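**Q** Structure: structure-v4.txt, compact mmCIF, N, CA and C atoms.
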# COMPACT_ATOMS: atom_id res chain seq x y z
N MET A 256 45.83 209.07 63.93
CA MET A 256 47.18 208.63 63.63
C MET A 256 47.84 207.95 64.82
N PRO A 257 47.80 208.51 66.03
CA PRO A 257 48.44 207.82 67.16
C PRO A 257 47.78 206.48 67.48
N LEU A 258 46.47 206.38 67.21
CA LEU A 258 45.80 205.12 67.47
C LEU A 258 46.31 204.02 66.56
N GLY A 259 46.56 204.35 65.29
CA GLY A 259 47.10 203.38 64.35
C GLY A 259 48.50 202.92 64.73
N LEU A 260 49.27 203.84 65.28
CA LEU A 260 50.62 203.49 65.73
C LEU A 260 50.56 202.52 66.91
N ILE A 261 49.66 202.78 67.83
CA ILE A 261 49.52 201.91 69.00
C ILE A 261 49.02 200.53 68.58
N VAL A 262 48.07 200.48 67.65
CA VAL A 262 47.55 199.19 67.17
C VAL A 262 48.66 198.42 66.44
N GLY A 263 49.47 199.13 65.65
CA GLY A 263 50.58 198.47 64.94
C GLY A 263 51.61 197.90 65.89
N LEU A 264 51.92 198.63 66.95
CA LEU A 264 52.87 198.12 67.96
C LEU A 264 52.30 196.92 68.70
N ALA A 265 51.00 196.97 68.98
CA ALA A 265 50.37 195.84 69.66
C ALA A 265 50.40 194.59 68.80
N ARG A 266 50.17 194.76 67.48
CA ARG A 266 50.23 193.61 66.58
C ARG A 266 51.65 193.04 66.50
N ALA A 267 52.63 193.90 66.46
CA ALA A 267 54.02 193.45 66.39
C ALA A 267 54.41 192.70 67.66
N MET A 268 53.95 193.19 68.79
CA MET A 268 54.27 192.50 70.05
C MET A 268 53.58 191.15 70.14
N ARG A 269 52.38 191.05 69.55
CA ARG A 269 51.66 189.79 69.58
C ARG A 269 52.35 188.75 68.69
N ARG A 270 52.94 189.20 67.58
CA ARG A 270 53.59 188.28 66.66
C ARG A 270 54.90 187.72 67.21
N LYS A 271 55.66 188.54 67.91
CA LYS A 271 56.96 188.10 68.43
C LYS A 271 56.75 187.27 69.69
N ARG A 272 57.42 186.19 69.76
CA ARG A 272 57.36 185.35 70.95
C ARG A 272 58.54 185.74 71.84
N THR A 273 58.25 186.49 72.86
CA THR A 273 59.32 186.99 73.70
C THR A 273 59.92 185.90 74.56
N SER A 274 59.16 184.83 74.82
CA SER A 274 59.71 183.77 75.66
C SER A 274 60.82 183.02 74.94
N SER A 275 60.68 182.79 73.63
CA SER A 275 61.73 182.08 72.91
C SER A 275 62.93 182.97 72.65
N LEU A 276 62.72 184.29 72.59
CA LEU A 276 63.85 185.18 72.37
C LEU A 276 64.67 185.38 73.63
N SER A 277 64.06 185.16 74.80
CA SER A 277 64.79 185.36 76.04
C SER A 277 65.71 184.18 76.37
N ILE A 278 65.51 183.03 75.73
CA ILE A 278 66.36 181.87 75.98
C ILE A 278 67.65 182.03 75.18
N LEU A 279 68.76 182.13 75.89
CA LEU A 279 70.03 182.33 75.22
C LEU A 279 70.71 180.98 75.06
N SER A 280 70.93 180.58 73.84
CA SER A 280 71.63 179.33 73.55
C SER A 280 72.91 179.66 72.79
N SER A 281 73.69 178.64 72.50
CA SER A 281 74.93 178.87 71.78
C SER A 281 74.67 179.27 70.32
N LYS A 282 73.48 178.96 69.81
CA LYS A 282 73.16 179.37 68.45
C LYS A 282 72.73 180.84 68.39
N ARG A 283 72.14 181.35 69.46
CA ARG A 283 71.67 182.73 69.47
C ARG A 283 72.72 183.70 70.00
N GLY A 284 73.72 183.21 70.70
CA GLY A 284 74.72 184.07 71.31
C GLY A 284 75.84 184.41 70.34
N PRO A 285 76.87 185.11 70.83
CA PRO A 285 78.02 185.43 69.98
C PRO A 285 78.81 184.18 69.59
N ARG A 286 79.78 184.36 68.74
CA ARG A 286 80.51 183.22 68.19
C ARG A 286 81.25 182.43 69.27
N ASP A 287 81.80 183.11 70.27
CA ASP A 287 82.57 182.42 71.30
C ASP A 287 81.75 182.12 72.55
N TYR A 288 80.43 182.17 72.46
CA TYR A 288 79.58 181.91 73.63
C TYR A 288 79.46 180.42 73.87
N TYR A 289 79.73 179.98 75.10
CA TYR A 289 79.60 178.58 75.49
C TYR A 289 78.73 178.52 76.74
N LYS A 290 77.57 177.93 76.62
CA LYS A 290 76.62 177.94 77.72
C LYS A 290 77.01 176.95 78.81
N GLY A 291 77.45 175.78 78.45
CA GLY A 291 77.82 174.78 79.44
C GLY A 291 76.60 174.00 79.91
N LYS A 292 76.80 173.17 80.91
CA LYS A 292 75.75 172.31 81.43
C LYS A 292 75.44 172.59 82.89
N ASN A 293 75.58 173.83 83.31
CA ASN A 293 75.23 174.28 84.66
C ASN A 293 76.06 173.56 85.73
N CYS A 294 77.32 173.35 85.46
CA CYS A 294 78.20 172.77 86.48
C CYS A 294 79.29 173.79 86.80
N LYS A 295 79.73 173.76 88.03
CA LYS A 295 80.73 174.73 88.48
C LYS A 295 82.13 174.24 88.14
N PRO A 296 83.02 175.14 87.75
CA PRO A 296 84.39 174.71 87.43
C PRO A 296 85.14 174.31 88.70
N THR A 297 85.99 173.31 88.58
CA THR A 297 86.76 172.84 89.74
C THR A 297 88.18 173.36 89.73
N GLY A 298 88.52 174.22 88.78
CA GLY A 298 89.87 174.76 88.71
C GLY A 298 89.94 175.84 87.66
N PHE A 299 91.13 175.97 87.05
CA PHE A 299 91.31 176.99 86.02
C PHE A 299 92.32 176.48 85.00
N HIS A 300 92.25 177.08 83.78
CA HIS A 300 93.16 176.74 82.70
C HIS A 300 94.43 177.57 82.82
N THR A 301 95.57 176.95 82.53
CA THR A 301 96.84 177.67 82.55
C THR A 301 97.13 178.24 81.17
N ARG A 302 98.16 179.05 81.07
CA ARG A 302 98.52 179.66 79.79
C ARG A 302 99.05 178.63 78.81
N LYS A 303 99.64 177.56 79.30
CA LYS A 303 100.25 176.55 78.42
C LYS A 303 99.31 175.40 78.09
N GLY A 304 98.03 175.55 78.38
CA GLY A 304 97.06 174.52 78.00
C GLY A 304 96.76 173.50 79.06
N GLY A 305 97.32 173.65 80.25
CA GLY A 305 97.04 172.70 81.32
C GLY A 305 95.80 173.11 82.11
N TYR A 306 95.47 172.32 83.10
CA TYR A 306 94.33 172.61 83.96
C TYR A 306 94.73 172.32 85.39
N VAL A 307 94.52 173.26 86.28
CA VAL A 307 94.87 173.11 87.69
C VAL A 307 93.58 172.92 88.48
N VAL A 308 93.47 171.78 89.18
CA VAL A 308 92.30 171.49 89.99
C VAL A 308 92.54 172.05 91.39
N LEU A 309 91.61 172.87 91.85
CA LEU A 309 91.72 173.45 93.19
C LEU A 309 90.94 172.59 94.17
N ASP A 310 91.57 172.23 95.29
CA ASP A 310 90.96 171.35 96.27
C ASP A 310 89.73 171.98 96.93
N GLU A 311 89.76 173.29 97.12
CA GLU A 311 88.62 173.94 97.77
C GLU A 311 87.40 174.04 96.87
N LYS A 312 87.58 173.81 95.55
CA LYS A 312 86.43 173.85 94.64
C LYS A 312 85.83 172.47 94.39
N LEU A 313 86.46 171.41 94.88
CA LEU A 313 85.92 170.06 94.70
C LEU A 313 84.73 169.86 95.64
N PRO A 314 83.71 169.11 95.19
CA PRO A 314 82.54 168.90 96.06
C PRO A 314 82.88 168.01 97.25
N ARG A 315 82.27 168.31 98.38
CA ARG A 315 82.44 167.53 99.60
C ARG A 315 81.15 166.78 99.88
N TYR A 316 81.22 165.48 100.02
CA TYR A 316 80.05 164.66 100.28
C TYR A 316 80.05 164.25 101.75
N VAL A 317 78.95 164.53 102.43
CA VAL A 317 78.81 164.16 103.83
C VAL A 317 78.00 162.87 103.88
N VAL A 318 78.64 161.79 104.33
CA VAL A 318 77.99 160.48 104.39
C VAL A 318 77.76 160.13 105.86
N PRO A 319 76.52 159.82 106.23
CA PRO A 319 76.26 159.48 107.64
C PRO A 319 76.81 158.10 107.98
N ASP A 320 76.98 157.83 109.27
CA ASP A 320 77.46 156.54 109.75
C ASP A 320 76.31 155.53 109.68
N LEU A 321 76.49 154.47 108.91
CA LEU A 321 75.43 153.48 108.68
C LEU A 321 75.78 152.12 109.30
N THR A 322 76.51 152.10 110.39
CA THR A 322 76.92 150.82 110.97
C THR A 322 75.74 150.05 111.56
N ASP A 323 74.80 150.71 112.24
CA ASP A 323 73.67 150.02 112.85
C ASP A 323 72.40 150.17 112.02
N PHE A 324 72.52 150.46 110.76
CA PHE A 324 71.35 150.65 109.91
C PHE A 324 70.86 149.29 109.43
N LYS A 325 69.54 149.09 109.41
CA LYS A 325 68.97 147.78 109.09
C LYS A 325 69.06 147.45 107.61
N LEU A 326 68.85 148.40 106.73
CA LEU A 326 68.84 148.13 105.30
C LEU A 326 70.26 148.06 104.75
N LYS A 327 70.43 147.26 103.73
CA LYS A 327 71.73 147.12 103.08
C LYS A 327 71.77 148.04 101.85
N PRO A 328 72.95 148.52 101.46
CA PRO A 328 73.01 149.46 100.34
C PRO A 328 72.82 148.82 98.98
N TYR A 329 73.08 147.54 98.83
CA TYR A 329 72.99 146.89 97.52
C TYR A 329 72.02 145.72 97.57
N VAL A 330 71.51 145.35 96.39
CA VAL A 330 70.63 144.20 96.27
C VAL A 330 71.50 143.00 95.94
N SER A 331 71.23 141.88 96.58
CA SER A 331 72.00 140.68 96.35
C SER A 331 71.77 140.16 94.94
N GLN A 332 72.81 139.57 94.36
CA GLN A 332 72.68 139.01 93.01
C GLN A 332 71.87 137.73 93.01
N CYS A 333 71.82 137.06 94.15
CA CYS A 333 71.04 135.82 94.23
C CYS A 333 69.76 136.07 95.02
N ALA A 334 69.01 137.07 94.61
CA ALA A 334 67.76 137.39 95.30
C ALA A 334 66.70 136.35 94.96
N ARG A 335 65.85 136.09 95.93
CA ARG A 335 64.77 135.10 95.73
C ARG A 335 63.65 135.71 94.90
N ASP A 336 62.99 134.87 94.12
CA ASP A 336 61.85 135.33 93.34
C ASP A 336 60.65 135.50 94.25
N ALA A 337 59.98 136.60 94.12
CA ALA A 337 58.79 136.87 94.92
C ALA A 337 57.56 136.56 94.08
N THR A 338 56.58 135.94 94.70
CA THR A 338 55.34 135.64 93.98
C THR A 338 54.37 136.80 94.22
N VAL A 339 53.88 137.35 93.13
CA VAL A 339 52.97 138.48 93.20
C VAL A 339 51.63 138.02 92.67
N SER A 340 50.58 138.19 93.47
CA SER A 340 49.25 137.81 93.00
C SER A 340 48.66 138.98 92.25
N SER A 341 48.33 138.74 90.99
CA SER A 341 47.76 139.81 90.17
C SER A 341 46.32 139.47 89.85
N THR A 342 45.51 140.48 89.70
CA THR A 342 44.10 140.29 89.37
C THR A 342 43.98 140.25 87.86
N THR A 343 43.53 139.13 87.34
CA THR A 343 43.32 138.99 85.91
C THR A 343 41.84 138.81 85.64
N ALA A 344 41.49 138.71 84.39
CA ALA A 344 40.09 138.53 84.02
C ALA A 344 39.58 137.18 84.49
N GLU A 345 40.43 136.14 84.45
CA GLU A 345 39.99 134.80 84.88
C GLU A 345 39.71 134.76 86.38
N SER A 346 40.58 135.40 87.17
CA SER A 346 40.37 135.37 88.61
C SER A 346 39.17 136.23 88.99
N ALA A 347 38.87 137.26 88.21
CA ALA A 347 37.70 138.08 88.50
C ALA A 347 36.42 137.32 88.17
N ASP A 348 36.46 136.46 87.11
CA ASP A 348 35.29 135.65 86.77
C ASP A 348 35.04 134.58 87.83
N LYS A 349 36.10 134.02 88.38
CA LYS A 349 35.96 132.98 89.41
C LYS A 349 35.39 133.56 90.70
N ALA A 350 35.68 134.78 90.98
CA ALA A 350 35.20 135.41 92.22
C ALA A 350 33.70 135.67 92.12
N LYS A 351 33.16 135.82 90.94
CA LYS A 351 31.72 136.10 90.78
C LYS A 351 30.96 134.86 91.00
Using the file provided, produce a representation of the structure as structure tokens.
**A**
Amino acid sequence: MPLGLIVGLARAMRRKRTSSLSILSSKRGPRDYYKGKNCKPTGFHTRKGGYVVLDEKLPRYVVPDLTDFKLKPYVSQCARDATVSSTTAESADKAK
């Protein structure tokens, strides 16, 4: 009898996919569950429906000084066409 119970539990565990059950989405959670997109809030909601942005929660970007840097940040709109030599079947036949 205990062996049959253990075999039955093993079969039940094999049937259930525990990996899909561990993923909590808004469809699997409670009615008011909101998962979001993994971004941090920058403030808080007020009682009257407003939103207060806190300066200490805004992201800070550290940009290095690029005054003597050789490369330019943007590509020119009037860039020259570059000729690229590609190996085709005709050029491979000529080389033989």
**Q** List the neighbours of Thr297 (chain A) out to 5 Å using all atoms listed in the file; skip same-chain residues closer than 6 positions along the sequence, and give me the result as an MDAnalysis selection string.
**A** chainID A and resid 308:309 312
**Q** Need the shell around region 298-300 of chain A: protein/DNA/RNA residues with any atom at most 12 Å away, counting only C-alpha atoms. Skip same-chain ones fewer than 2 positions apart. Format as an MDAnalysis selection string?
**A** chainID A and resid 295:296 302:314
**Q** In Å, rounded to a single decimal, give me how far CA of Lys292 (chain A) is from CA of Tyr316 (chain A).
**A**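 About the pair CA of Tyr316 (chain A) and CA of Lys292 (chain A): they are 20.8 Å apart.
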**Q** Output region 278-289 of chain A as a compact mmCIF listing (two decimals), in the coordinates of the input, making sure all heavy atoms are there.
**A**
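Contents of result-v8.txt, freshly written:
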# COMPACT_ATOMS: atom_id res chain seq x y z
N ILE A 278 65.51 183.03 75.73
CA ILE A 278 66.36 181.87 75.98
C ILE A 278 67.65 182.03 75.18
O ILE A 278 67.62 182.10 73.96
CB ILE A 278 65.64 180.57 75.58
CG1 ILE A 278 64.36 180.41 76.38
CG2 ILE A 278 66.56 179.38 75.76
CD1 ILE A 278 63.48 179.30 75.90
N LEU A 279 68.76 182.13 75.89
CA LEU A 279 70.03 182.33 75.22
C LEU A 279 70.71 180.98 75.06
O LEU A 279 71.00 180.29 76.04
CB LEU A 279 70.93 183.28 76.03
CG LEU A 279 72.24 183.66 75.37
CD1 LEU A 279 71.98 184.41 74.07
CD2 LEU A 279 73.06 184.50 76.31
N SER A 280 70.93 180.58 73.84
CA SER A 280 71.63 179.33 73.55
C SER A 280 72.91 179.66 72.79
O SER A 280 73.17 180.81 72.44
CB SER A 280 70.74 178.40 72.72
OG SER A 280 70.51 178.95 71.45
N SER A 281 73.69 178.64 72.50
CA SER A 281 74.93 178.87 71.78
C SER A 281 74.67 179.27 70.32
O SER A 281 75.52 179.86 69.68
CB SER A 281 75.81 177.63 71.83
OG SER A 281 75.10 176.53 71.29
N LYS A 282 73.48 178.96 69.81
CA LYS A 282 73.16 179.37 68.45
C LYS A 282 72.73 180.84 68.39
O LYS A 282 72.90 181.49 67.37
CB LYS A 282 72.05 178.49 67.88
CG LYS A 282 72.51 177.09 67.60
CD LYS A 282 71.48 176.33 66.84
CE LYS A 282 72.03 174.97 66.47
NZ LYS A 282 71.13 174.24 65.58
N ARG A 283 72.14 181.35 69.46
CA ARG A 283 71.67 182.73 69.47
C ARG A 283 72.72 183.70 70.00
O ARG A 283 72.62 184.90 69.79
CB ARG A 283 70.41 182.85 70.33
CG ARG A 283 69.22 182.18 69.74
CD ARG A 283 67.98 182.58 70.49
NE ARG A 283 66.80 181.97 69.94
CZ ARG A 283 66.07 182.47 68.97
NH1 ARG A 283 66.43 183.60 68.43
NH2 ARG A 283 65.02 181.86 68.52
N GLY A 284 73.72 183.21 70.70
CA GLY A 284 74.72 184.07 71.31
C GLY A 284 75.84 184.41 70.34
O GLY A 284 75.82 184.07 69.16
N PRO A 285 76.87 185.11 70.83
CA PRO A 285 78.02 185.43 69.98
C PRO A 285 78.81 184.18 69.59
O PRO A 285 78.53 183.08 70.06
CB PRO A 285 78.87 186.34 70.87
CG PRO A 285 78.15 186.55 72.11
CD PRO A 285 76.94 185.71 72.12
N ARG A 286 79.78 184.36 68.74
CA ARG A 286 80.51 183.22 68.19
C ARG A 286 81.25 182.43 69.27
O ARG A 286 81.31 181.21 69.21
CB ARG A 286 81.51 183.72 67.16
CG ARG A 286 82.31 182.62 66.52
CD ARG A 286 83.21 183.14 65.47
NE ARG A 286 82.40 183.56 64.32
CZ ARG A 286 82.91 183.93 63.17
NH1 ARG A 286 84.21 183.97 63.01
NH2 ARG A 286 82.13 184.30 62.19
N ASP A 287 81.80 183.11 70.27
CA ASP A 287 82.57 182.42 71.30
C ASP A 287 81.75 182.12 72.55
O ASP A 287 82.32 181.82 73.60
CB ASP A 287 83.80 183.25 71.66
CG ASP A 287 83.44 184.62 72.19
OD1 ASP A 287 82.28 185.03 72.03
OD2 ASP A 287 84.32 185.29 72.75
N TYR A 288 80.43 182.17 72.46
CA TYR A 288 79.58 181.91 73.63
C TYR A 288 79.46 180.42 73.87
O TYR A 288 79.15 179.65 72.96
CB TYR A 288 78.19 182.52 73.41
CG TYR A 288 77.25 182.27 74.56
CD1 TYR A 288 77.41 182.92 75.76
CD2 TYR A 288 76.21 181.36 74.43
CE1 TYR A 288 76.56 182.69 76.82
CE2 TYR A 288 75.36 181.11 75.49
CZ TYR A 288 75.53 181.78 76.67
OH TYR A 288 74.69 181.55 77.71
N TYR A 289 79.73 179.98 75.10
CA TYR A 289 79.60 178.58 75.49
C TYR A 289 78.73 178.52 76.74
O TYR A 289 79.11 179.06 77.78
CB TYR A 289 80.97 177.97 75.77
CG TYR A 289 80.90 176.54 76.22
CD1 TYR A 289 80.54 175.53 75.34
CD2 TYR A 289 81.18 176.19 77.54
CE1 TYR A 289 80.46 174.22 75.75
CE2 TYR A 289 81.11 174.88 77.96
CZ TYR A 289 80.75 173.90 77.06
OH TYR A 289 80.66 172.60 77.47
